[in-house]
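What follows is a set of notes on a single structure, which appears directly below.
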Amino acid sequence: MSGLIGAARKLQLGTINPDGTPHMVTMFYAMVDDQIAFWSYRSSQKARNIERDQRVTCLIEAGEDYFELNGAMIYGKAEIVTDPNRVRYVGSQVVRRMMNIEDEDSIRPFVEQTAPKRFAYLVEPVRVASWDHRKLA
């Protein structure tokens with residue numbers, strides 16, 4: 001599973017709307033201190049949902065055909081990161097991975113411009129479910 005989490009760049013993030021329905025979005029992410037990390041605009045629905053209820057589900061999957069499917073569903077609690085330095089750090093890790101760029105200097109202007117409008121999030125796993133249909137072939 002750690003290979004899948006390390007190789008993928010996007011996940012499906014589930015948060016809980018005020019009426020109890022799921023709110024699902026695709027997010028780019030990075031690993032920070034062995035936790036799934038992402039950032040988002042503070043006014044987004046997912047940010048408001050996490051502020052109210054920190055329970056989240058992260059779905060990471062790969063494969064196109066049935067016998068290629070493999071994935072992990074991470075149930076966890078999202079820590080809201082508001083410290084500007086930590087938000088910039090998480091943001092830079094996410095953007096570097098999203099754009100497949102090693103040079104942090106090239107993304108610094110974007111991170112600096114957008115970070116004041118964002119919070120970062122670190123997901124503390126509570127439970128993990130995984131599957132690998134490649135083993136069925």
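Quick note on naming: the chains in the structure tokens go A, B, ... in the order shown, residues restart at 1 in each chain, and ligands are numbered from 1 in order of appearance.
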Item to check | Selection: 10 Å around region 10-25 of chain A, only C-alpha atoms, excl. self and same-chain fewer than 3 positions, as number ranges by chain | outcome: A: 5, 7, 28-30, 36, 38, 45-50, 52-61, 72-75, 78, 94, 97-98
Checklist entry - Looking only at the backbone, which of the residues in chain A does DSSP tag as helix (DSSP H, G or I), as a PyMOL selection string? => result chain A and resi 2-7+45-52+66-68+84-99+104-106+108-117+133-136
Next on the checklist: Can you pull out every residue from chain A that DSSP, working from the backbone, puts in strand (DSSP E or B), and format the result as a PyMOL selection string?
Outcome noted: chain A and resi 10-16+22-28+30-32+35-41+55-62+70-81+118-132
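When the distance limit is 9 Å and only C-alpha atoms are what count, the residues near Ala137 (chain A), minus those fewer than 2 positions from it on the same chain, are Phe67, Glu68, His133, Arg134 and Lys135 of chain A.
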Selection from above, N, CA, C and O atoms, as an mmCIF file, in the first residue's frame, can you write it?
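Contents of the output file part-v6.cif:
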```cif
data_model
loop_
_atom_site.group_PDB
_atom_site.id
_atom_site.type_symbol
_atom_site.label_atom_id
_atom_site.label_comp_id
_atom_site.auth_asym_id
_atom_site.auth_seq_id
_atom_site.Cartn_x
_atom_site.Cartn_y
_atom_site.Cartn_z
ATOM 1 N N PHE A 67 -8.541 -6.585 -13.341
ATOM 2 C CA PHE A 67 -7.425 -7.309 -12.726
ATOM 3 C C PHE A 67 -6.187 -6.439 -12.513
ATOM 4 O O PHE A 67 -5.131 -6.936 -12.157
ATOM 5 N N GLU A 68 -6.320 -5.144 -12.746
ATOM 6 C CA GLU A 68 -5.255 -4.178 -12.430
ATOM 7 C C GLU A 68 -5.612 -3.320 -11.225
ATOM 8 O O GLU A 68 -4.763 -2.608 -10.692
ATOM 9 N N HIS A 133 -6.463 -6.264 -6.896
ATOM 10 C CA HIS A 133 -7.008 -7.268 -7.798
ATOM 11 C C HIS A 133 -5.937 -7.912 -8.663
ATOM 12 O O HIS A 133 -6.207 -8.922 -9.310
ATOM 13 N N ARG A 134 -4.739 -7.341 -8.673
ATOM 14 C CA ARG A 134 -3.652 -7.970 -9.438
ATOM 15 C C ARG A 134 -3.339 -9.356 -8.890
ATOM 16 O O ARG A 134 -2.865 -10.219 -9.619
ATOM 17 N N LYS A 135 -3.647 -9.599 -7.636
ATOM 18 C CA LYS A 135 -3.395 -10.887 -7.004
ATOM 19 C C LYS A 135 -4.416 -11.936 -7.446
ATOM 20 O O LYS A 135 -4.222 -13.127 -7.231
#
```
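Between Thr82 (chain A) and the candidates A:Asn100, A:Ser40, A:Asn70, A:Thr26, the tightest atom-to-atom separation, counting only C-alpha atoms, involves A:Ser40.
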Next on the checklist: Report as number ranges by chain all protein, DNA and RNA residues lying within 10 Å of Ser106 (chain A), evaluated on only C-alpha atoms, omitting residues in the same chain fewer than 5 positions from it.
Outcome noted: A: 96, 101, 111
Item to check | Test item: residues at most 7 Å from Phe119 (chain A), only C-alpha atoms, excluding those fewer than 5 positions along its chain, as an NGL selection string | outcome: :A and (39-42 or 80-82 or 87)
